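Below: start.csv (CSV, C-alpha atoms and all ligand atoms)
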```csv
chain,number,residue,atom,x,y,z
A,1,MET,CA,0.0,0.0,0.0
A,2,SER,CA,1.3,3.4,-0.8
A,3,GLU,CA,0.6,6.7,1.0
A,4,VAL,CA,-1.5,9.1,-1.0
A,5,ILE,CA,-1.5,11.8,1.8
A,6,SER,CA,1.3,12.3,4.3
A,7,MET,CA,1.0,15.4,6.5
A,8,LYS,CA,3.3,16.2,9.3
A,9,ASP,CA,2.6,18.9,11.9
A,10,ILE,CA,0.6,21.3,9.7
A,11,HIS,CA,-0.2,24.6,11.3
A,12,LYS,CA,-2.4,27.3,9.9
A,13,SER,CA,-3.6,30.6,11.3
A,14,TYR,CA,-5.9,33.3,10.0
A,15,VAL,CA,-4.7,36.9,10.7
A,16,MET,CA,-7.3,39.6,10.9
A,17,GLY,CA,-5.7,42.9,11.8
A,18,THR,CA,-4.0,42.3,15.2
A,19,ASN,CA,-6.0,39.1,15.8
A,20,VAL,CA,-4.4,35.7,15.0
A,21,LEU,CA,-6.7,32.7,15.0
A,22,GLU,CA,-4.9,29.4,15.0
A,23,VAL,CA,-7.2,27.0,13.2
A,24,LEU,CA,-5.0,24.0,12.4
A,25,LYS,CA,-2.8,23.2,15.4
A,26,GLY,CA,-0.3,20.6,14.3
A,27,ILE,CA,-2.2,18.2,12.0
A,28,SER,CA,-0.5,15.0,11.2
A,29,LEU,CA,-2.4,12.6,8.9
A,30,THR,CA,-1.6,9.7,6.7
A,31,VAL,CA,-4.1,8.3,4.1
A,32,GLU,CA,-3.3,5.1,2.3
A,33,GLU,CA,-4.3,4.4,-1.3
A,34,GLY,CA,-7.7,2.8,-1.4
A,35,GLU,CA,-8.9,4.2,2.0
A,36,PHE,CA,-12.2,5.7,2.7
A,37,LEU,CA,-11.6,8.2,5.5
A,38,ALA,CA,-14.1,10.5,7.2
A,39,VAL,CA,-13.0,13.6,9.1
A,40,LEU,CA,-15.7,14.2,11.6
A,41,GLY,CA,-16.0,17.4,13.6
A,42,PRO,CA,-18.4,20.1,14.8
A,43,SER,CA,-18.9,23.5,13.1
A,44,GLY,CA,-15.9,25.8,13.4
A,45,SER,CA,-13.5,22.9,14.2
A,46,GLY,CA,-11.3,23.6,11.1
A,47,LYS,CA,-12.8,21.0,8.7
A,48,SER,CA,-13.1,23.3,5.7
A,49,THR,CA,-9.7,24.8,6.4
A,50,LEU,CA,-8.2,21.3,6.4
A,51,MET,CA,-10.1,20.4,3.2
A,52,ASN,CA,-8.7,23.5,1.5
A,53,VAL,CA,-5.2,22.5,2.6
A,54,ILE,CA,-5.6,18.8,1.5
A,55,GLY,CA,-7.1,20.0,-1.9
A,56,CYS,CA,-4.1,22.4,-2.4
A,57,MET,CA,-6.5,25.3,-2.6
A,58,ASP,CA,-4.9,27.1,0.3
A,59,GLY,CA,-1.5,27.3,1.8
A,60,PHE,CA,-0.4,26.7,5.4
A,61,ASP,CA,2.1,28.3,7.7
A,62,SER,CA,4.4,25.3,8.6
A,63,GLY,CA,4.6,21.6,8.4
A,64,GLU,CA,5.1,19.2,5.5
A,65,TYR,CA,2.5,17.8,3.1
A,66,TYR,CA,3.3,15.1,0.5
A,67,LEU,CA,0.6,14.2,-2.0
A,68,SER,CA,1.5,10.9,-3.7
A,69,GLY,CA,5.1,11.6,-2.7
A,70,ASP,CA,5.2,15.2,-4.1
A,71,PRO,CA,6.2,17.9,-1.7
A,72,ILE,CA,3.2,20.3,-1.7
A,73,HIS,CA,4.9,22.6,0.9
A,74,GLU,CA,7.6,23.4,-1.7
A,75,MET,CA,5.4,24.2,-4.6
A,76,ASP,CA,4.4,27.6,-6.0
A,77,ASP,CA,0.9,28.6,-7.1
A,78,GLU,CA,1.4,27.5,-10.7
A,79,GLU,CA,2.5,24.0,-9.7
A,80,LEU,CA,-0.3,23.7,-7.2
A,81,THR,CA,-2.9,24.5,-9.9
A,82,VAL,CA,-1.6,21.6,-12.0
A,83,ILE,CA,-1.7,19.3,-8.9
A,84,ARG,CA,-5.2,20.3,-8.1
A,85,ASN,CA,-6.4,19.6,-11.6
A,86,ARG,CA,-4.6,16.3,-12.0
A,87,CYS,CA,-4.7,14.7,-8.5
A,88,ILE,CA,-7.9,15.9,-6.7
A,89,GLY,CA,-11.5,15.3,-7.5
A,90,PHE,CA,-13.6,17.8,-5.6
A,91,ILE,CA,-17.2,17.2,-4.4
A,92,PHE,CA,-18.9,20.0,-2.6
A,93,GLN,CA,-22.1,20.3,-0.5
A,94,LYS,CA,-23.7,22.6,-3.1
A,95,TYR,CA,-22.4,20.7,-6.2
A,96,HIS,CA,-20.7,23.8,-7.7
A,97,LEU,CA,-21.8,22.9,-11.3
A,98,ILE,CA,-21.5,25.7,-13.9
A,99,PRO,CA,-25.2,26.8,-14.4
A,100,LYS,CA,-24.8,27.9,-18.1
A,101,TYR,CA,-23.3,24.6,-19.2
A,102,ASP,CA,-25.2,21.4,-19.8
A,103,VAL,CA,-24.4,18.2,-17.9
A,104,LEU,CA,-22.0,16.8,-20.5
A,105,ARG,CA,-19.9,20.0,-20.7
A,106,ASN,CA,-19.8,20.3,-16.9
A,107,VAL,CA,-18.2,16.8,-16.7
A,108,MET,CA,-15.9,17.5,-19.6
A,109,MET,CA,-14.5,20.7,-18.0
A,110,PRO,CA,-11.6,19.2,-16.0
A,111,LEU,CA,-10.3,17.5,-19.1
A,112,LEU,CA,-10.7,20.6,-21.3
A,113,LEU,CA,-8.8,22.6,-18.7
A,114,ARG,CA,-5.9,20.1,-19.1
A,115,GLY,CA,-5.9,20.8,-22.8
A,116,MET,CA,-7.5,17.6,-23.9
A,117,ARG,CA,-9.2,17.5,-27.3
A,118,SER,CA,-13.0,18.0,-27.1
A,119,ASP,CA,-14.0,14.8,-28.8
A,120,GLU,CA,-11.7,12.8,-26.5
A,121,ALA,CA,-13.0,14.6,-23.4
A,122,GLU,CA,-16.5,13.9,-24.5
A,123,ASP,CA,-16.0,10.2,-24.8
A,124,ILE,CA,-14.5,10.0,-21.3
A,125,ALA,CA,-17.2,12.2,-19.8
A,126,LEU,CA,-20.0,10.1,-21.5
A,127,ASP,CA,-18.5,6.9,-19.9
A,128,ARG,CA,-18.4,8.5,-16.4
A,129,LEU,CA,-22.0,9.8,-16.8
A,130,GLU,CA,-23.1,6.3,-17.8
A,131,GLN,CA,-21.4,4.8,-14.7
A,132,LEU,CA,-23.3,7.3,-12.6
A,133,GLY,CA,-26.6,6.6,-14.2
A,134,MET,CA,-26.9,10.0,-15.8
A,135,SER,CA,-26.7,9.2,-19.5
A,136,ASP,CA,-30.3,10.3,-20.2
A,137,ARG,CA,-29.6,13.8,-18.7
A,138,ILE,CA,-26.5,14.9,-20.6
A,139,SER,CA,-28.2,17.9,-22.3
A,140,HIS,CA,-29.9,19.2,-19.2
A,141,ARG,CA,-28.7,22.3,-17.3
A,142,PRO,CA,-28.0,21.8,-13.6
A,143,ASN,CA,-31.1,23.7,-12.6
A,144,GLU,CA,-33.2,21.2,-14.5
A,145,LEU,CA,-32.0,18.4,-12.2
A,146,SER,CA,-32.8,17.3,-8.7
A,147,GLY,CA,-30.2,17.8,-5.9
A,148,GLY,CA,-29.3,14.1,-6.0
A,149,GLN,CA,-28.9,14.2,-9.8
A,150,GLN,CA,-26.7,17.3,-9.5
A,151,GLN,CA,-24.5,15.6,-7.0
A,152,ARG,CA,-24.2,12.6,-9.3
A,153,VAL,CA,-23.0,14.9,-12.1
A,154,ALA,CA,-20.6,16.5,-9.7
A,155,ILE,CA,-19.2,13.1,-8.8
A,156,ALA,CA,-18.9,12.2,-12.5
A,157,ARG,CA,-16.9,15.5,-12.9
A,158,ALA,CA,-14.7,14.7,-9.9
A,159,LEU,CA,-13.9,11.2,-11.3
A,160,VAL,CA,-13.4,12.2,-15.0
A,161,GLY,CA,-9.7,13.1,-14.7
A,162,ASP,CA,-8.9,9.9,-12.8
A,163,PRO,CA,-7.7,11.7,-9.6
A,164,LYS,CA,-5.6,10.3,-6.8
A,165,ILE,CA,-8.2,11.2,-4.2
A,166,LEU,CA,-11.9,12.2,-4.1
A,167,LEU,CA,-12.2,15.0,-1.6
A,168,ALA,CA,-15.7,15.7,-0.4
A,169,ASP,CA,-16.9,18.4,1.9
A,170,GLU,CA,-20.3,17.6,3.4
A,171,PRO,CA,-21.4,15.8,0.2
A,172,THR,CA,-24.9,14.9,1.6
A,173,GLY,CA,-25.4,18.2,3.4
A,174,ALA,CA,-27.9,19.6,0.9
A,175,LEU,CA,-29.7,16.4,0.2
A,176,ASP,CA,-32.8,14.8,1.9
A,177,SER,CA,-31.9,11.7,3.9
A,178,ALA,CA,-32.9,9.1,1.4
A,179,THR,CA,-30.9,10.8,-1.4
A,180,GLY,CA,-28.0,11.3,1.0
A,181,ARG,CA,-28.0,7.5,1.6
A,182,GLU,CA,-27.9,6.9,-2.1
A,183,VAL,CA,-24.9,9.1,-2.5
A,184,MET,CA,-23.2,7.4,0.4
A,185,GLU,CA,-23.9,4.0,-1.2
A,186,LEU,CA,-22.3,5.4,-4.4
A,187,PHE,CA,-19.2,6.5,-2.4
A,188,ARG,CA,-18.9,3.0,-0.9
A,189,GLN,CA,-19.1,1.4,-4.4
A,190,LEU,CA,-16.4,3.8,-5.7
A,191,ASN,CA,-14.2,2.9,-2.7
A,192,GLU,CA,-14.7,-0.8,-3.4
A,193,GLN,CA,-13.6,-0.1,-7.0
A,194,GLY,CA,-10.4,1.2,-5.5
A,195,HIS,CA,-10.9,5.0,-5.3
A,196,THR,CA,-9.4,6.8,-2.3
A,197,ILE,CA,-11.9,9.0,-0.6
A,198,VAL,CA,-11.5,11.7,2.0
A,199,MET,CA,-14.9,13.0,3.2
A,200,ILE,CA,-15.4,15.8,5.6
A,201,THR,CA,-18.6,15.9,7.7
A,202,HIS,CA,-20.2,17.0,11.0
A,203,ASP,CA,-22.6,14.0,10.8
A,204,LEU,CA,-21.7,10.7,12.5
A,205,ASN,CA,-24.3,8.8,10.5
A,206,VAL,CA,-22.6,10.0,7.3
A,207,ALA,CA,-19.1,9.4,8.6
A,208,SER,CA,-20.0,5.8,9.6
A,209,ASN,CA,-20.0,4.9,5.8
A,210,ALA,CA,-16.2,5.4,5.8
A,211,GLY,CA,-13.7,2.7,6.6
A,212,ARG,CA,-12.0,4.9,9.1
A,213,ILE,CA,-13.1,7.9,11.1
A,214,ILE,CA,-10.9,10.6,12.7
A,215,ARG,CA,-12.2,13.5,14.6
A,216,ILE,CA,-11.1,17.1,14.4
A,217,ILE,CA,-11.8,19.1,17.5
A,218,ASP,CA,-10.6,22.7,17.8
A,219,GLY,CA,-7.9,22.2,15.1
A,220,GLU,CA,-6.5,19.0,16.4
A,221,LEU,CA,-7.1,15.4,15.1
A,222,HIS,CA,-8.2,12.6,17.4
A,223,THR,CA,-8.4,9.0,16.4
A,224,ASP,CA,-11.5,7.2,17.4
A,225,GLY,CA,-11.1,4.5,20.1
A,301,LIG,N1,-10.7,33.0,5.7
A,301,LIG,C1,-10.8,33.1,7.0
A,301,LIG,N2,-10.4,34.1,7.7
A,301,LIG,C2,-10.6,34.2,9.1
A,301,LIG,N3,-11.1,33.2,9.8
A,301,LIG,C3,-11.5,32.1,9.2
A,301,LIG,C4,-11.4,32.0,7.7
A,301,LIG,N4,-11.9,30.8,7.4
A,301,LIG,C5,-12.3,30.2,8.5
A,301,LIG,N5,-12.1,31.0,9.6
A,301,LIG,C6,-12.3,30.6,11.0
A,301,LIG,O1,-11.6,29.4,11.3
A,301,LIG,C7,-12.3,28.5,12.1
A,301,LIG,C8,-12.5,27.2,11.4
A,301,LIG,O2,-13.3,27.4,10.3
A,301,LIG,P1,-13.7,26.2,9.2
A,301,LIG,O3,-12.4,25.6,8.8
A,301,LIG,O4,-14.5,26.8,8.2
A,301,LIG,O5,-14.5,25.2,10.2
A,301,LIG,P2,-15.6,24.1,9.8
A,301,LIG,O6,-15.5,23.8,8.4
A,301,LIG,O7,-15.2,22.9,10.7
A,301,LIG,O8,-16.9,24.7,10.2
A,301,LIG,C9,-13.6,29.3,12.4
A,301,LIG,O9,-13.5,29.9,13.7
A,301,LIG,C10,-13.8,30.3,11.3
A,301,LIG,O10,-14.5,31.4,11.7
A,302,MG,MG,-17.0,23.8,6.9
```

Would you mind giving the structure from this file in structure tokens?
Ligand SMILES: Nc1ncnc2c1ncn2[C@@H]1O[C@H](COP(=O)(O)OP(=O)(O)O)[C@@H](O)[C@H]1O
Ligand SMILES: [Mg+2]
Amino acid sequence: MSEVISMKDIHKSYVMGTNVLEVLKGISLTVEEGEFLAVLGPSGSGKSTLMNVIGCMDGFDSGEYYLSGDPIHEMDDEELTVIRNRCIGFIFQKYHLIPKYDVLRNVMMPLLLRGMRSDEAEDIALDRLEQLGMSDRISHRPNELSGGQQQRVAIARALVGDPKILLADEPTGALDSATGREVMELFRQLNEQGHTIVMITHDLNVASNAGRIIRIIDGELHTDG
């Protein structure tokens, strides 16, 4: 088994004027390839801040972060943009689909951003949409879909570039409980197929779908007993 994520003693503070708020207080975390990890914590505990660090969307003050062996802490913004696009599949609570594009184009976007030819990107996107059961909705706009369908499209988009990890922030937070369970079933299937998943949630029921749960409390990680 290889390590997809290896974090050592990550610290991050937000500075507002003369106030310094330390939000990540020495986070050390290892995630193995093929794991389904849930990071569980209450509101304000630092979950989204940690997600932004894991997803290379935001920097940190000190510590080391290796993603598939690559030293994230040594990279500049340009390198981080490439890593984000190639290594991370993002899934958000509110889907974050592009409203003016249809389903097919939304799913093609990560590949087009890499410079892939449109016909090639379309073939791959169609495959992913079929896998997610969304083949009959490819010409719909996001606002013509239910929440559960929009999240499926977002998952297809996250998967299309074959990322090293799927990184999900409260992926069922905007869904009714039955649809949320369907999305969690989908996550379990994807994990069984070998996808590495890191899911952030405040909900123990949702977290219990994962193979491992760690808690974040006031910017520190605690392993469940
Ligand atoms: N950009 C920011 N600037 C200043 N403070 C922030 C910023 N983002 C988050 N915070 C603060 O950091 C703490 C953790 O926030 P966050 O990571 O969003 O927690 P969670 O996702 O667990 O609710 C909160 O006290 C929040 O107010
Ligand atoms: Mg949050």

Which residue of A:Glu35, A:Glu79, A:Glu22, A:Glu74 approaches ligand LIG 301 (chain A) most closely, using only C-alpha atoms and all ligand atoms: A:Glu22

Non-local contacts of Ile200 of chain A (7 Å; all atoms listed in the file; under 4 positions in same chain excluded) as an MDAnalysis selection string: chainID A and resid 38:40 47 168:170

Long-range neighbours of Met75 of chain A as an mmCIF file with C-alpha atoms, keeping the file's coordinate frame, 12 Å cut-off, all atoms listed in the file, 3 positions minimum in chain:
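Below is the file that was written, out-v6.cif:
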```
data_model
loop_
_atom_site.group_PDB
_atom_site.id
_atom_site.type_symbol
_atom_site.label_atom_id
_atom_site.label_comp_id
_atom_site.auth_asym_id
_atom_site.auth_seq_id
_atom_site.Cartn_x
_atom_site.Cartn_y
_atom_site.Cartn_z
ATOM 1 C CA CYS A 56 -4.100 22.400 -2.400
ATOM 2 C CA ASP A 58 -4.900 27.100 0.300
ATOM 3 C CA GLY A 59 -1.500 27.300 1.800
ATOM 4 C CA PHE A 60 -0.400 26.700 5.400
ATOM 5 C CA GLU A 64 5.100 19.200 5.500
ATOM 6 C CA TYR A 65 2.500 17.800 3.100
ATOM 7 C CA TYR A 66 3.300 15.100 0.500
ATOM 8 C CA LEU A 67 0.600 14.200 -2.000
ATOM 9 C CA ASP A 70 5.200 15.200 -4.100
ATOM 10 C CA PRO A 71 6.200 17.900 -1.700
ATOM 11 C CA ILE A 72 3.200 20.300 -1.700
ATOM 12 C CA GLU A 78 1.400 27.500 -10.700
ATOM 13 C CA GLU A 79 2.500 24.000 -9.700
ATOM 14 C CA LEU A 80 -0.300 23.700 -7.200
ATOM 15 C CA THR A 81 -2.900 24.500 -9.900
ATOM 16 C CA VAL A 82 -1.600 21.600 -12.000
ATOM 17 C CA ILE A 83 -1.700 19.300 -8.900
ATOM 18 C CA ARG A 84 -5.200 20.300 -8.100
#
```

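Residues in contact with Leu145 of chain A at up to 12 Å, not including ones fewer than 6 positions away on its chain and judged by all atoms listed in the file, are Tyr95, Leu97, Pro99, Asp102, Val103, Met134, Asp136, Arg137, Ile138, Ser139, Gln151, Arg152, Val153 and Ala154 of chain A.
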
Can you write out the residues you just picked, keeping C-alpha atoms, as a PDB file, in the frame of the given file?
```pdb
ATOM      1  CA  TYR A  95     -22.400  20.700  -6.200  1.00  0.00           C
ATOM      2  CA  LEU A  97     -21.800  22.900 -11.300  1.00  0.00           C
ATOM      3  CA  PRO A  99     -25.200  26.800 -14.400  1.00  0.00           C
ATOM      4  CA  ASP A 102     -25.200  21.400 -19.800  1.00  0.00           C
ATOM      5  CA  VAL A 103     -24.400  18.200 -17.900  1.00  0.00           C
ATOM      6  CA  MET A 134     -26.900  10.000 -15.800  1.00  0.00           C
ATOM      7  CA  ASP A 136     -30.300  10.300 -20.200  1.00  0.00           C
ATOM      8  CA  ARG A 137     -29.600  13.800 -18.700  1.00  0.00           C
ATOM      9  CA  ILE A 138     -26.500  14.900 -20.600  1.00  0.00           C
ATOM     10  CA  SER A 139     -28.200  17.900 -22.300  1.00  0.00           C
ATOM     11  CA  GLN A 151     -24.500  15.600  -7.000  1.00  0.00           C
ATOM     12  CA  ARG A 152     -24.200  12.600  -9.300  1.00  0.00           C
ATOM     13  CA  VAL A 153     -23.000  14.900 -12.100  1.00  0.00           C
ATOM     14  CA  ALA A 154     -20.600  16.500  -9.700  1.00  0.00           C
TER      15      ALA A 154
END
```

Residues at most 12 Å from ligand MG 302 (chain A), using only C-alpha atoms and all ligand atoms? Could they come as a ChimeraX atom specification? /A:39-52,92-93,168-171,173,199-203,216

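From atom CA of Ile124 of chain A back to atom CA of Gly148 of chain A, the distance works out to 21.7 Å.
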